[in-house]
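Colleague: Following this line is data25.pdb, made up of PDB, N, CA and C atoms and all ligand atoms:
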MODEL        1
ATOM      1  N   MET A  50     -33.288 -49.234  -8.995
ATOM      2  CA  MET A  50     -31.997 -48.594  -8.757
ATOM      3  C   MET A  50     -32.208 -47.308  -7.956
ATOM      4  N   SER A  51     -31.282 -47.075  -7.014
ATOM      5  CA  SER A  51     -31.401 -45.908  -6.150
ATOM      6  C   SER A  51     -31.105 -44.623  -6.922
ATOM      7  N   GLU A  52     -31.844 -43.581  -6.589
ATOM      8  CA  GLU A  52     -31.622 -42.279  -7.211
ATOM      9  C   GLU A  52     -30.595 -41.461  -6.440
ATOM     10  N   GLU A  53     -30.127 -42.010  -5.290
ATOM     11  CA  GLU A  53     -29.208 -41.253  -4.453
ATOM     12  C   GLU A  53     -27.871 -41.056  -5.159
ATOM     13  N   LYS A  54     -27.339 -39.820  -5.114
ATOM     14  CA  LYS A  54     -26.066 -39.528  -5.763
ATOM     15  C   LYS A  54     -24.924 -39.905  -4.839
ATOM     16  N   ILE A  55     -23.867 -40.453  -5.400
ATOM     17  CA  ILE A  55     -22.656 -40.730  -4.635
ATOM     18  C   ILE A  55     -21.588 -39.775  -5.127
ATOM     19  N   TYR A  56     -21.076 -38.952  -4.200
ATOM     20  CA  TYR A  56     -20.114 -37.927  -4.591
ATOM     21  C   TYR A  56     -18.679 -38.415  -4.461
ATOM     22  N   ALA A  57     -18.416 -39.307  -3.516
ATOM     23  CA  ALA A  57     -17.073 -39.820  -3.298
ATOM     24  C   ALA A  57     -17.179 -41.017  -2.395
ATOM     25  N   PHE A  58     -16.162 -41.837  -2.439
ATOM     26  CA  PHE A  58     -16.145 -42.995  -1.549
ATOM     27  C   PHE A  58     -14.690 -43.359  -1.264
ATOM     28  N   PRO A  59     -14.430 -44.028  -0.121
ATOM     29  CA  PRO A  59     -13.042 -44.341   0.227
ATOM     30  C   PRO A  59     -12.401 -45.257  -0.792
ATOM     31  N   ASN A  60     -11.084 -45.125  -0.903
ATOM     32  CA  ASN A  60     -10.321 -45.991  -1.784
ATOM     33  C   ASN A  60     -10.128 -47.345  -1.101
ATOM     34  N   GLY A  61     -10.941 -48.296  -1.447
ATOM     35  CA  GLY A  61     -10.884 -49.589  -0.801
ATOM     36  C   GLY A  61      -9.823 -50.506  -1.353
ATOM     37  N   CYS A  62      -9.110 -50.094  -2.401
ATOM     38  CA  CYS A  62      -8.143 -50.984  -3.043
ATOM     39  C   CYS A  62      -6.790 -50.981  -2.364
ATOM     40  N   THR A  63      -6.478 -49.937  -1.620
ATOM     41  CA  THR A  63      -5.150 -49.860  -1.012
ATOM     42  C   THR A  63      -5.200 -50.400   0.407
ATOM     43  N   PRO A  64      -4.091 -50.966   0.858
ATOM     44  CA  PRO A  64      -4.067 -51.511   2.212
ATOM     45  C   PRO A  64      -3.911 -50.437   3.279
ATOM     46  N   GLY A  65      -3.521 -49.216   2.863
ATOM     47  CA  GLY A  65      -3.282 -48.150   3.832
ATOM     48  C   GLY A  65      -4.535 -47.805   4.600
ATOM     49  N   ASN A  66      -4.380 -47.608   5.902
ATOM     50  CA  ASN A  66      -5.512 -47.248   6.755
ATOM     51  C   ASN A  66      -5.017 -46.212   7.751
ATOM     52  N   PRO A  67      -4.620 -45.018   7.254
ATOM     53  CA  PRO A  67      -3.897 -44.089   8.125
ATOM     54  C   PRO A  67      -4.722 -43.539   9.291
ATOM     55  N   VAL A  68      -5.972 -43.257   9.051
ATOM     56  CA  VAL A  68      -6.801 -42.726  10.146
ATOM     57  C   VAL A  68      -8.162 -43.412  10.139
ATOM     58  N   THR A  69      -8.700 -43.556  11.320
ATOM     59  CA  THR A  69     -10.069 -44.061  11.442
ATOM     60  C   THR A  69     -10.844 -43.121  12.354
ATOM     61  N   PHE A  70     -12.137 -43.196  12.265
ATOM     62  CA  PHE A  70     -13.010 -42.314  13.034
ATOM     63  C   PHE A  70     -13.944 -43.141  13.908
ATOM     64  N   ASP A  71     -14.271 -42.588  15.058
ATOM     65  CA  ASP A  71     -15.298 -43.192  15.900
ATOM     66  C   ASP A  71     -16.593 -42.423  15.645
ATOM     67  N   PRO A  72     -17.525 -43.023  14.935
ATOM     68  CA  PRO A  72     -18.743 -42.289  14.570
ATOM     69  C   PRO A  72     -19.604 -41.916  15.780
ATOM     70  N   GLU A  73     -19.333 -42.559  16.922
ATOM     71  CA  GLU A  73     -20.076 -42.198  18.132
ATOM     72  C   GLU A  73     -19.570 -40.884  18.727
ATOM     73  N   ILE A  74     -18.315 -40.531  18.421
ATOM     74  CA  ILE A  74     -17.713 -39.319  19.001
ATOM     75  C   ILE A  74     -17.624 -38.197  17.968
ATOM     76  N   CYS A  75     -17.260 -38.529  16.741
ATOM     77  CA  CYS A  75     -17.101 -37.520  15.681
ATOM     78  C   CYS A  75     -18.450 -36.900  15.326
ATOM     79  N   ASN A  76     -18.446 -35.554  15.238
ATOM     80  CA  ASN A  76     -19.687 -34.867  14.863
ATOM     81  C   ASN A  76     -19.647 -34.303  13.439
ATOM     82  N   GLY A  77     -18.594 -34.690  12.688
ATOM     83  CA  GLY A  77     -18.527 -34.256  11.292
ATOM     84  C   GLY A  77     -18.266 -32.780  11.113
ATOM     85  N   CYS A  78     -17.512 -32.172  12.034
ATOM     86  CA  CYS A  78     -17.260 -30.725  11.915
ATOM     87  C   CYS A  78     -16.276 -30.414  10.784
ATOM     88  N   ASN A  79     -15.513 -31.405  10.345
ATOM     89  CA  ASN A  79     -14.589 -31.295   9.210
ATOM     90  C   ASN A  79     -13.375 -30.396   9.458
ATOM     91  N   LEU A  80     -13.072 -30.090  10.728
ATOM     92  CA  LEU A  80     -11.846 -29.344  11.012
ATOM     93  C   LEU A  80     -10.623 -30.142  10.572
ATOM     94  N   CYS A  81     -10.693 -31.460  10.744
ATOM     95  CA  CYS A  81      -9.565 -32.314  10.340
ATOM     96  C   CYS A  81      -9.394 -32.293   8.819
ATOM     97  N   VAL A  82     -10.477 -32.220   8.108
ATOM     98  CA  VAL A  82     -10.407 -32.157   6.639
ATOM     99  C   VAL A  82      -9.664 -30.894   6.217
ATOM    100  N   ASP A  83     -10.006 -29.778   6.848
ATOM    101  CA  ASP A  83      -9.348 -28.505   6.512
ATOM    102  C   ASP A  83      -7.883 -28.514   6.916
ATOM    103  N   ALA A  84      -7.550 -29.233   7.994
ATOM    104  CA  ALA A  84      -6.173 -29.225   8.505
ATOM    105  C   ALA A  84      -5.240 -30.088   7.672
ATOM    106  N   CYS A  85      -5.762 -31.053   6.972
ATOM    107  CA  CYS A  85      -4.908 -31.988   6.221
ATOM    108  C   CYS A  85      -4.289 -31.269   5.024
ATOM    109  N   GLN A  86      -2.951 -31.237   5.019
ATOM    110  CA  GLN A  86      -2.240 -30.478   3.980
ATOM    111  C   GLN A  86      -2.281 -31.164   2.633
ATOM    112  N   VAL A  87      -2.504 -32.450   2.620
ATOM    113  CA  VAL A  87      -2.418 -33.187   1.360
ATOM    114  C   VAL A  87      -3.768 -33.774   0.936
ATOM    115  N   ASP A  88      -4.821 -33.302   1.559
ATOM    116  CA  ASP A  88      -6.179 -33.671   1.146
ATOM    117  C   ASP A  88      -6.434 -35.177   1.146
ATOM    118  N   VAL A  89      -5.970 -35.829   2.206
ATOM    119  CA  VAL A  89      -6.291 -37.251   2.378
ATOM    120  C   VAL A  89      -7.787 -37.415   2.659
ATOM    121  N   LEU A  90      -8.331 -36.458   3.373
ATOM    122  CA  LEU A  90      -9.718 -36.556   3.842
ATOM    123  C   LEU A  90     -10.634 -35.634   3.046
ATOM    124  N   ILE A  91     -11.878 -36.051   2.924
ATOM    125  CA  ILE A  91     -12.892 -35.176   2.336
ATOM    126  C   ILE A  91     -14.135 -35.238   3.219
ATOM    127  N   PRO A  92     -14.960 -34.193   3.177
ATOM    128  CA  PRO A  92     -16.182 -34.214   3.987
ATOM    129  C   PRO A  92     -17.113 -35.340   3.557
ATOM    130  N   ASN A  93     -17.793 -35.891   4.522
ATOM    131  CA  ASN A  93     -18.799 -36.905   4.225
ATOM    132  C   ASN A  93     -20.002 -36.233   3.587
ATOM    133  N   PRO A  94     -20.516 -36.772   2.494
ATOM    134  CA  PRO A  94     -21.709 -36.150   1.887
ATOM    135  C   PRO A  94     -22.915 -36.187   2.821
ATOM    136  N   VAL A  95     -22.884 -37.052   3.823
ATOM    137  CA  VAL A  95     -23.972 -37.075   4.809
ATOM    138  C   VAL A  95     -23.582 -36.155   5.966
ATOM    139  N   LYS A  96     -24.305 -35.076   6.151
ATOM    140  CA  LYS A  96     -23.978 -34.078   7.168
ATOM    141  C   LYS A  96     -23.942 -34.712   8.555
ATOM    142  N   GLY A  97     -22.891 -34.354   9.319
ATOM    143  CA  GLY A  97     -22.772 -34.854  10.682
ATOM    144  C   GLY A  97     -22.052 -36.179  10.804
ATOM    145  N   LYS A  98     -21.702 -36.788   9.682
ATOM    146  CA  LYS A  98     -20.994 -38.063   9.701
ATOM    147  C   LYS A  98     -19.482 -37.823   9.560
ATOM    148  N   PRO A  99     -18.658 -38.787  10.007
ATOM    149  CA  PRO A  99     -17.197 -38.614   9.915
ATOM    150  C   PRO A  99     -16.731 -38.443   8.474
ATOM    151  N   PRO A 100     -15.619 -37.721   8.295
ATOM    152  CA  PRO A 100     -15.057 -37.548   6.957
ATOM    153  C   PRO A 100     -14.685 -38.887   6.335
ATOM    154  N   LEU A 101     -14.466 -38.854   5.035
ATOM    155  CA  LEU A 101     -14.046 -40.050   4.308
ATOM    156  C   LEU A 101     -12.544 -39.973   4.038
ATOM    157  N   VAL A 102     -11.878 -41.118   4.123
ATOM    158  CA  VAL A 102     -10.456 -41.195   3.807
ATOM    159  C   VAL A 102     -10.365 -41.545   2.328
ATOM    160  N   LEU A 103     -10.138 -40.517   1.507
ATOM    161  CA  LEU A 103     -10.205 -40.729   0.066
ATOM    162  C   LEU A 103      -8.870 -41.204  -0.516
ATOM    163  N   PHE A 104      -7.765 -40.646   0.002
ATOM    164  CA  PHE A 104      -6.440 -40.998  -0.536
ATOM    165  C   PHE A 104      -5.525 -41.468   0.598
ATOM    166  N   PRO A 105      -5.747 -42.668   1.120
ATOM    167  CA  PRO A 105      -4.952 -43.124   2.268
ATOM    168  C   PRO A 105      -3.463 -43.216   1.985
ATOM    169  N   GLU A 106      -3.107 -43.490   0.750
ATOM    170  CA  GLU A 106      -1.690 -43.661   0.429
ATOM    171  C   GLU A 106      -0.931 -42.335   0.408
ATOM    172  N   GLU A 107      -1.664 -41.208   0.487
ATOM    173  CA  GLU A 107      -1.023 -39.899   0.476
ATOM    174  C   GLU A 107      -0.684 -39.392   1.872
ATOM    175  N   CYS A 108      -1.086 -40.117   2.912
ATOM    176  CA  CYS A 108      -0.933 -39.612   4.281
ATOM    177  C   CYS A 108       0.542 -39.516   4.678
ATOM    178  N   TRP A 109       0.880 -38.403   5.364
ATOM    179  CA  TRP A 109       2.240 -38.195   5.855
ATOM    180  C   TRP A 109       2.340 -38.540   7.344
ATOM    181  N   TYR A 110       1.252 -38.849   7.975
ATOM    182  CA  TYR A 110       1.221 -39.222   9.389
ATOM    183  C   TYR A 110       1.764 -38.121  10.304
ATOM    184  N   ALA A 111       1.587 -36.867   9.904
ATOM    185  CA  ALA A 111       2.089 -35.771  10.725
ATOM    186  C   ALA A 111       1.145 -35.464  11.889
ATOM    187  N   GLY A 112      -0.089 -35.828  11.767
ATOM    188  CA  GLY A 112      -0.999 -35.726  12.907
ATOM    189  C   GLY A 112      -1.782 -34.434  13.038
ATOM    190  N   CYS A 113      -1.755 -33.575  12.010
ATOM    191  CA  CYS A 113      -2.497 -32.310  12.102
ATOM    192  C   CYS A 113      -3.995 -32.565  12.308
ATOM    193  N   CYS A 114      -4.502 -33.588  11.669
ATOM    194  CA  CYS A 114      -5.940 -33.884  11.774
ATOM    195  C   CYS A 114      -6.313 -34.246  13.208
ATOM    196  N   GLU A 115      -5.520 -35.100  13.817
ATOM    197  CA  GLU A 115      -5.806 -35.511  15.191
ATOM    198  C   GLU A 115      -5.575 -34.351  16.157
ATOM    199  N   GLY A 116      -4.542 -33.534  15.842
ATOM    200  CA  GLY A 116      -4.210 -32.426  16.736
ATOM    201  C   GLY A 116      -5.274 -31.359  16.789
ATOM    202  N   ILE A 117      -5.975 -31.122  15.689
ATOM    203  CA  ILE A 117      -6.954 -30.034  15.659
ATOM    204  C   ILE A 117      -8.338 -30.490  16.105
ATOM    205  N   CYS A 118      -8.545 -31.788  16.185
ATOM    206  CA  CYS A 118      -9.886 -32.309  16.512
ATOM    207  C   CYS A 118     -10.296 -31.911  17.930
ATOM    208  N   PRO A 119     -11.462 -31.291  18.071
ATOM    209  CA  PRO A 119     -11.910 -30.840  19.394
ATOM    210  C   PRO A 119     -12.571 -31.950  20.216
ATOM    211  N   ARG A 120     -12.741 -33.123  19.631
ATOM    212  CA  ARG A 120     -13.441 -34.202  20.338
ATOM    213  C   ARG A 120     -12.493 -35.395  20.517
ATOM    214  N   PRO A 121     -11.885 -35.498  21.700
ATOM    215  CA  PRO A 121     -10.914 -36.575  21.939
ATOM    216  C   PRO A 121     -11.492 -37.952  21.631
ATOM    217  N   GLY A 122     -10.714 -38.709  20.856
ATOM    218  CA  GLY A 122     -11.137 -40.066  20.514
ATOM    219  C   GLY A 122     -11.917 -40.160  19.223
ATOM    220  N   ALA A 123     -12.250 -39.017  18.624
ATOM    221  CA  ALA A 123     -13.036 -39.047  17.386
ATOM    222  C   ALA A 123     -12.225 -39.550  16.208
ATOM    223  N   ILE A 124     -10.919 -39.228  16.194
ATOM    224  CA  ILE A 124     -10.053 -39.630  15.094
ATOM    225  C   ILE A 124      -8.806 -40.271  15.680
ATOM    226  N   GLN A 125      -8.343 -41.316  15.024
ATOM    227  CA  GLN A 125      -7.174 -42.029  15.517
ATOM    228  C   GLN A 125      -6.227 -42.287  14.350
ATOM    229  N   ILE A 126      -4.942 -41.965  14.552
ATOM    230  CA  ILE A 126      -3.930 -42.208  13.517
ATOM    231  C   ILE A 126      -3.298 -43.576  13.758
ATOM    232  N   HIS A 127      -3.113 -44.313  12.703
ATOM    233  CA  HIS A 127      -2.481 -45.624  12.795
ATOM    234  C   HIS A 127      -1.157 -45.575  12.049
ATOM    235  N   LEU A 128      -0.083 -45.392  12.794
ATOM    236  CA  LEU A 128       1.228 -45.273  12.171
ATOM    237  C   LEU A 128       1.660 -46.586  11.542
ATOM    238  N   PRO A 129       2.391 -46.514  10.405
ATOM    239  CA  PRO A 129       2.978 -47.737   9.835
ATOM    240  C   PRO A 129       3.959 -48.335  10.843
ATOM    241  N   LEU A 130       4.140 -49.617  10.776
ATOM    242  CA  LEU A 130       4.953 -50.328  11.760
ATOM    243  C   LEU A 130       6.341 -49.708  11.971
ATOM    244  N   PRO A 131       7.064 -49.341  10.881
ATOM    245  CA  PRO A 131       8.409 -48.790  11.095
ATOM    246  C   PRO A 131       8.411 -47.469  11.861
ATOM    247  N   GLN A 132       7.269 -46.794  11.909
ATOM    248  CA  GLN A 132       7.217 -45.500  12.607
ATOM    249  C   GLN A 132       6.729 -45.631  14.045
ATOM    250  N   ARG A 133       6.464 -46.838  14.486
ATOM    251  CA  ARG A 133       5.949 -47.001  15.846
ATOM    252  C   ARG A 133       7.096 -47.107  16.849
ATOM    253  N   VAL A 134       7.937 -46.087  16.826
ATOM    254  CA  VAL A 134       9.089 -46.099  17.725
ATOM    255  C   VAL A 134       8.683 -45.633  19.113
ATOM    256  N   ARG A 135       9.450 -46.041  20.096
ATOM    257  CA  ARG A 135       9.242 -45.557  21.454
ATOM    258  C   ARG A 135      10.281 -44.490  21.761
ATOM    259  N   TRP A 136       9.916 -43.544  22.582
ATOM    260  CA  TRP A 136      10.822 -42.501  23.035
ATOM    261  C   TRP A 136      11.050 -42.690  24.525
ATOM    262  N   LYS A 137      12.207 -42.192  24.979
ATOM    263  CA  LYS A 137      12.542 -42.339  26.392
ATOM    264  C   LYS A 137      12.828 -40.966  26.989
ATOM    265  N   ARG A 138      12.156 -40.662  28.108
ATOM    266  CA  ARG A 138      12.408 -39.389  28.783
ATOM    267  C   ARG A 138      13.732 -39.480  29.535
ATOM    268  N   LYS A 139      14.618 -38.492  29.288
ATOM    269  CA  LYS A 139      15.927 -38.522  29.921
ATOM    270  C   LYS A 139      15.826 -38.453  31.442
ATOM    271  N   ASP A 140      14.908 -37.602  31.912
ATOM    272  CA  ASP A 140      14.869 -37.365  33.351
ATOM    273  C   ASP A 140      14.255 -38.525  34.135
ATOM    274  N   THR A 141      13.222 -39.184  33.566
ATOM    275  CA  THR A 141      12.537 -40.225  34.329
ATOM    276  C   THR A 141      12.812 -41.636  33.814
ATOM    277  N   GLY A 142      13.326 -41.744  32.571
ATOM    278  CA  GLY A 142      13.536 -43.071  32.005
ATOM    279  C   GLY A 142      12.267 -43.691  31.436
ATOM    280  N   GLU A 143      11.160 -42.937  31.508
ATOM    281  CA  GLU A 143       9.856 -43.453  31.018
ATOM    282  C   GLU A 143       9.884 -43.644  29.499
ATOM    283  N   HIS A 144       9.353 -44.749  29.029
ATOM    284  CA  HIS A 144       9.194 -44.985  27.602
ATOM    285  C   HIS A 144       7.779 -44.571  27.204
ATOM    286  N   PHE A 145       7.654 -43.932  26.040
ATOM    287  CA  PHE A 145       6.333 -43.517  25.588
ATOM    288  C   PHE A 145       6.308 -43.435  24.072
ATOM    289  N   ARG A 146       5.094 -43.390  23.544
ATOM    290  CA  ARG A 146       4.883 -43.190  22.114
ATOM    291  C   ARG A 146       4.134 -41.893  21.911
ATOM    292  N   VAL A 147       4.353 -41.259  20.748
ATOM    293  CA  VAL A 147       3.658 -40.014  20.471
ATOM    294  C   VAL A 147       2.303 -40.272  19.829
ATOM    295  N   SER A 148       2.090 -41.459  19.295
ATOM    296  CA  SER A 148       0.792 -41.807  18.740
ATOM    297  C   SER A 148       0.632 -43.307  18.870
ATOM    298  N   ARG A 149      -0.481 -43.844  18.358
ATOM    299  CA  ARG A 149      -0.730 -45.273  18.522
ATOM    300  C   ARG A 149      -0.147 -46.075  17.385
TER     301      ARG A 149
HETATM  302  S1  LIG A 201      -1.945 -37.437   9.465
HETATM  303 FE1  LIG A 201      -1.623 -35.579   8.239
HETATM  304  S2  LIG A 201      -1.613 -36.242   6.102
HETATM  305 FE2  LIG A 201      -2.529 -37.914   7.304
HETATM  306  S3  LIG A 201      -4.745 -37.520   7.227
HETATM  307 FE3  LIG A 201      -3.964 -36.517   9.083
HETATM  308  S4  LIG A 201      -3.514 -34.375   8.471
HETATM  309 FE4  LIG A 201      -3.722 -35.637   6.585
HETATM  310  S1  LIG A 202     -12.624 -36.285  13.637
HETATM  311 FE1  LIG A 202     -12.787 -34.483  14.942
HETATM  312  S2  LIG A 202     -12.183 -32.724  13.629
HETATM  313 FE2  LIG A 202     -12.657 -34.472  12.275
HETATM  314  S3  LIG A 202     -14.827 -34.204  11.709
HETATM  315 FE3  LIG A 202     -14.751 -35.583  13.511
HETATM  316  S4  LIG A 202     -14.988 -34.224  15.289
HETATM  317 FE4  LIG A 202     -14.439 -32.916  13.541
ENDMDL
END
Kindly transcribe the structure held in the file into C-alpha cells.

Modeller:
Amino acid sequence: MSEEKIYAFPNGCTPGNPVTFDPEICNGCNLCVDACQVDVLIPNPVKGKPPLVLFPEECWYAGCCEGICPRPGAIQIHLPLPQRVRWKRKDTGEHFRVSR
C-alpha cells in the first residue's frame, strides 16, 4: 500500500463539469482558486499542477476564475446548456457568445 497522503480529490459522483484545465498550459499558480467566491476549486497537492474541482455543483459560472487567469487557454468554463445563449451586436448584427 502506498504511503502517499491524499489531501483531496475531485467529486466524481456529480455530472457537473463546470471548468476544465489544460495541464500543458496551466502552471498551477492558483490565482483562479483565490478568485473563486464559492470555493469550487482547491490547489492541487502536487505543486505546479492544475487546481482540483472539488465542488462542481457549487459553480455559479460567473467566470472570475477564467478572467483572472494569466495564461490563455489554461482554464475553460463549460456553461450548462440553458446558459449557452448567443448575443447580437446592435451595430453590426454579429452573433457571439461570452463563453464556450
Ligand atoms: S465560474 Fe465562478 S464559481 Fe465557477 S469555478 Fe469559476 S470562479 Fe468559481
Ligand atoms: S488555470 Fe490559470 S489561474 Fe488557474 S492555476 Fe492554472 S494558470 Fe493559474

Colleague: Evaluate the PyMOL selection byres (((chain A and resi 105) around 6) and not hetatm) here and jot the selected residues down as a list of chain:residue names.

Modeller: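 Expected selection for the PyMOL selection byres (((chain A and resi 105) around 6) and not hetatm) here is A:Gly65, A:Asn66, A:Pro67, A:Val89, A:Val102, A:Leu103, A:Phe104, A:Glu106, A:Glu107, A:Cys108.
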
Colleague: DSSP on the backbone: what in chain A comes out strand (DSSP E), as a PyMOL selection string?

Modeller: chain A and resi 68-70+90-91+101-102+124-126+136-137+144-145

Colleague: Emit the selected residues as a PDB file, keeping the file's coordinate frame, including N, CA and C atoms.

Modeller:
ATOM      1  N   VAL A  68      -5.972 -43.257   9.051  1.00  0.00           N
ATOM      2  CA  VAL A  68      -6.801 -42.726  10.146  1.00  0.00           C
ATOM      3  C   VAL A  68      -8.162 -43.412  10.139  1.00  0.00           C
ATOM      4  N   THR A  69      -8.700 -43.556  11.320  1.00  0.00           N
ATOM      5  CA  THR A  69     -10.069 -44.061  11.442  1.00  0.00           C
ATOM      6  C   THR A  69     -10.844 -43.121  12.354  1.00  0.00           C
ATOM      7  N   PHE A  70     -12.137 -43.196  12.265  1.00  0.00           N
ATOM      8  CA  PHE A  70     -13.010 -42.314  13.034  1.00  0.00           C
ATOM      9  C   PHE A  70     -13.944 -43.141  13.908  1.00  0.00           C
ATOM     10  N   LEU A  90      -8.331 -36.458   3.373  1.00  0.00           N
ATOM     11  CA  LEU A  90      -9.718 -36.556   3.842  1.00  0.00           C
ATOM     12  C   LEU A  90     -10.634 -35.634   3.046  1.00  0.00           C
ATOM     13  N   ILE A  91     -11.878 -36.051   2.924  1.00  0.00           N
ATOM     14  CA  ILE A  91     -12.892 -35.176   2.336  1.00  0.00           C
ATOM     15  C   ILE A  91     -14.135 -35.238   3.219  1.00  0.00           C
ATOM     16  N   LEU A 101     -14.466 -38.854   5.035  1.00  0.00           N
ATOM     17  CA  LEU A 101     -14.046 -40.050   4.308  1.00  0.00           C
ATOM     18  C   LEU A 101     -12.544 -39.973   4.038  1.00  0.00           C
ATOM     19  N   VAL A 102     -11.878 -41.118   4.123  1.00  0.00           N
ATOM     20  CA  VAL A 102     -10.456 -41.195   3.807  1.00  0.00           C
ATOM     21  C   VAL A 102     -10.365 -41.545   2.328  1.00  0.00           C
ATOM     22  N   ILE A 124     -10.919 -39.228  16.194  1.00  0.00           N
ATOM     23  CA  ILE A 124     -10.053 -39.630  15.094  1.00  0.00           C
ATOM     24  C   ILE A 124      -8.806 -40.271  15.680  1.00  0.00           C
ATOM     25  N   GLN A 125      -8.343 -41.316  15.024  1.00  0.00           N
ATOM     26  CA  GLN A 125      -7.174 -42.029  15.517  1.00  0.00           C
ATOM     27  C   GLN A 125      -6.227 -42.287  14.350  1.00  0.00           C
ATOM     28  N   ILE A 126      -4.942 -41.965  14.552  1.00  0.00           N
ATOM     29  CA  ILE A 126      -3.930 -42.208  13.517  1.00  0.00           C
ATOM     30  C   ILE A 126      -3.298 -43.576  13.758  1.00  0.00           C
ATOM     31  N   TRP A 136       9.916 -43.544  22.582  1.00  0.00           N
ATOM     32  CA  TRP A 136      10.822 -42.501  23.035  1.00  0.00           C
ATOM     33  C   TRP A 136      11.050 -42.690  24.525  1.00  0.00           C
ATOM     34  N   LYS A 137      12.207 -42.192  24.979  1.00  0.00           N
ATOM     35  CA  LYS A 137      12.542 -42.339  26.392  1.00  0.00           C
ATOM     36  C   LYS A 137      12.828 -40.966  26.989  1.00  0.00           C
ATOM     37  N   HIS A 144       9.353 -44.749  29.029  1.00  0.00           N
ATOM     38  CA  HIS A 144       9.194 -44.985  27.602  1.00  0.00           C
ATOM     39  C   HIS A 144       7.779 -44.571  27.204  1.00  0.00           C
ATOM     40  N   PHE A 145       7.654 -43.932  26.040  1.00  0.00           N
ATOM     41  CA  PHE A 145       6.333 -43.517  25.588  1.00  0.00           C
ATOM     42  C   PHE A 145       6.308 -43.435  24.072  1.00  0.00           C
TER      43      PHE A 145
END

Colleague: I need the output of the PyMOL selection byres (((chain A and resi 93 and name CA) around 9) and not hetatm and name CA) for this file as a VMD selection string; which residues are they?

Modeller: chain A and resid 56 to 58 77 79 91 to 92 94 to 101

Colleague: To one decimal in Å, tell me the separation between atom S4 of ligand LIG 201 (chain A) and CA of Leu130 (chain A).

Modeller: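 Computing it gives 18.4 Å between the two atoms.
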
Colleague: Please return the centre and edge lengths, in Å to one decimal, of a box with edges along x, y and z that contains all listed atoms of ligand LIG 201 (chain A), widened by 4 Å on every side, as AutoDock Vina command-line options.

Modeller:
--center_x -3.2 --center_y -36.1 --center_z 7.8 --size_x 11.1 --size_y 11.5 --size_z 11.4

Colleague: For a quick check of understanding, using only N, CA and C atoms, which of A:Arg146, A:Glu73, A:Leu90, A:Glu115 has the smallest distance to Val134 (chain A)?

Modeller: A:Arg146

Colleague: Show me which residues sit within 7 Å of ligand LIG 201 (chain A) when counting all atoms listed in the file, and put them as a list of chain:residue names.

Modeller: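 Protein and nucleic-acid residues within 7 Å of ligand LIG 201 (chain A): A:Pro67, A:Val68, A:Cys81, A:Ala84, A:Cys85, A:Gln86, A:Val87, A:Asp88, A:Val89, A:Leu90, A:Glu107, A:Cys108, A:Trp109, A:Tyr110, A:Ala111, A:Gly112, A:Cys113, A:Cys114, A:Glu115, A:Ile126.
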
Colleague: Calculated over all atoms listed in the file, which of the candidates A:Thr141, A:Cys75, A:Asp83, A:Thr69 has the smallest distance to His127 (chain A)?

Modeller: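 Counting all atoms listed in the file, the residue closest to His127 (chain A) is A:Thr69.
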
Colleague: Could you check how far atom C of Lys137 (chain A) sits from atom C of Ala123 (chain A), in Å to one decimal?

Modeller: 27.3 Å

Colleague: Based on DSSP run over this structure's backbone, return all residues of region 56-123 of chain A in helix (DSSP H, G or I), as a ChimeraX atom specification.

Modeller: /A:80-84,105-107,113-117

Colleague: I need the chosen residues saved as a tab-separated table (two decimals), in the frame of the given file, with N, CA and C atoms.

Modeller:
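Listed below is the output, part.tsv:
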chain	number	residue	atom	x	y	z
A	80	LEU	N	-13.07	-30.09	10.73
A	80	LEU	CA	-11.85	-29.34	11.01
A	80	LEU	C	-10.62	-30.14	10.57
A	81	CYS	N	-10.69	-31.46	10.74
A	81	CYS	CA	-9.56	-32.31	10.34
A	81	CYS	C	-9.39	-32.29	8.82
A	82	VAL	N	-10.48	-32.22	8.11
A	82	VAL	CA	-10.41	-32.16	6.64
A	82	VAL	C	-9.66	-30.89	6.22
A	83	ASP	N	-10.01	-29.78	6.85
A	83	ASP	CA	-9.35	-28.50	6.51
A	83	ASP	C	-7.88	-28.51	6.92
A	84	ALA	N	-7.55	-29.23	7.99
A	84	ALA	CA	-6.17	-29.22	8.51
A	84	ALA	C	-5.24	-30.09	7.67
A	105	PRO	N	-5.75	-42.67	1.12
A	105	PRO	CA	-4.95	-43.12	2.27
A	105	PRO	C	-3.46	-43.22	1.98
A	106	GLU	N	-3.11	-43.49	0.75
A	106	GLU	CA	-1.69	-43.66	0.43
A	106	GLU	C	-0.93	-42.34	0.41
A	107	GLU	N	-1.66	-41.21	0.49
A	107	GLU	CA	-1.02	-39.90	0.48
A	107	GLU	C	-0.68	-39.39	1.87
A	113	CYS	N	-1.76	-33.58	12.01
A	113	CYS	CA	-2.50	-32.31	12.10
A	113	CYS	C	-4.00	-32.56	12.31
A	114	CYS	N	-4.50	-33.59	11.67
A	114	CYS	CA	-5.94	-33.88	11.77
A	114	CYS	C	-6.31	-34.25	13.21
A	115	GLU	N	-5.52	-35.10	13.82
A	115	GLU	CA	-5.81	-35.51	15.19
A	115	GLU	C	-5.58	-34.35	16.16
A	116	GLY	N	-4.54	-33.53	15.84
A	116	GLY	CA	-4.21	-32.43	16.74
A	116	GLY	C	-5.27	-31.36	16.79
A	117	ILE	N	-5.98	-31.12	15.69
A	117	ILE	CA	-6.95	-30.03	15.66
A	117	ILE	C	-8.34	-30.49	16.10

Colleague: Do you have the atom S1 of ligand LIG 202 (chain A)-CA of Cys118 (chain A) distance handy?

Modeller: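 The value is 5.6 Å.
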
Colleague: For Asp71 (chain A), work out the shell of residues within 6.5 Å, counting all atoms listed in the file and skipping chain neighbours fewer than 5 positions away, then give it as a PyMOL selection string.

Modeller: chain A and resi 122-125

Colleague: Show which residues sit within 7 Å of Trp136 (chain A), as a VMD selection string. Count all atoms listed in the file, and ignore same-chain residues fewer than 6 positions away.

Modeller: chain A and resid 143 to 147
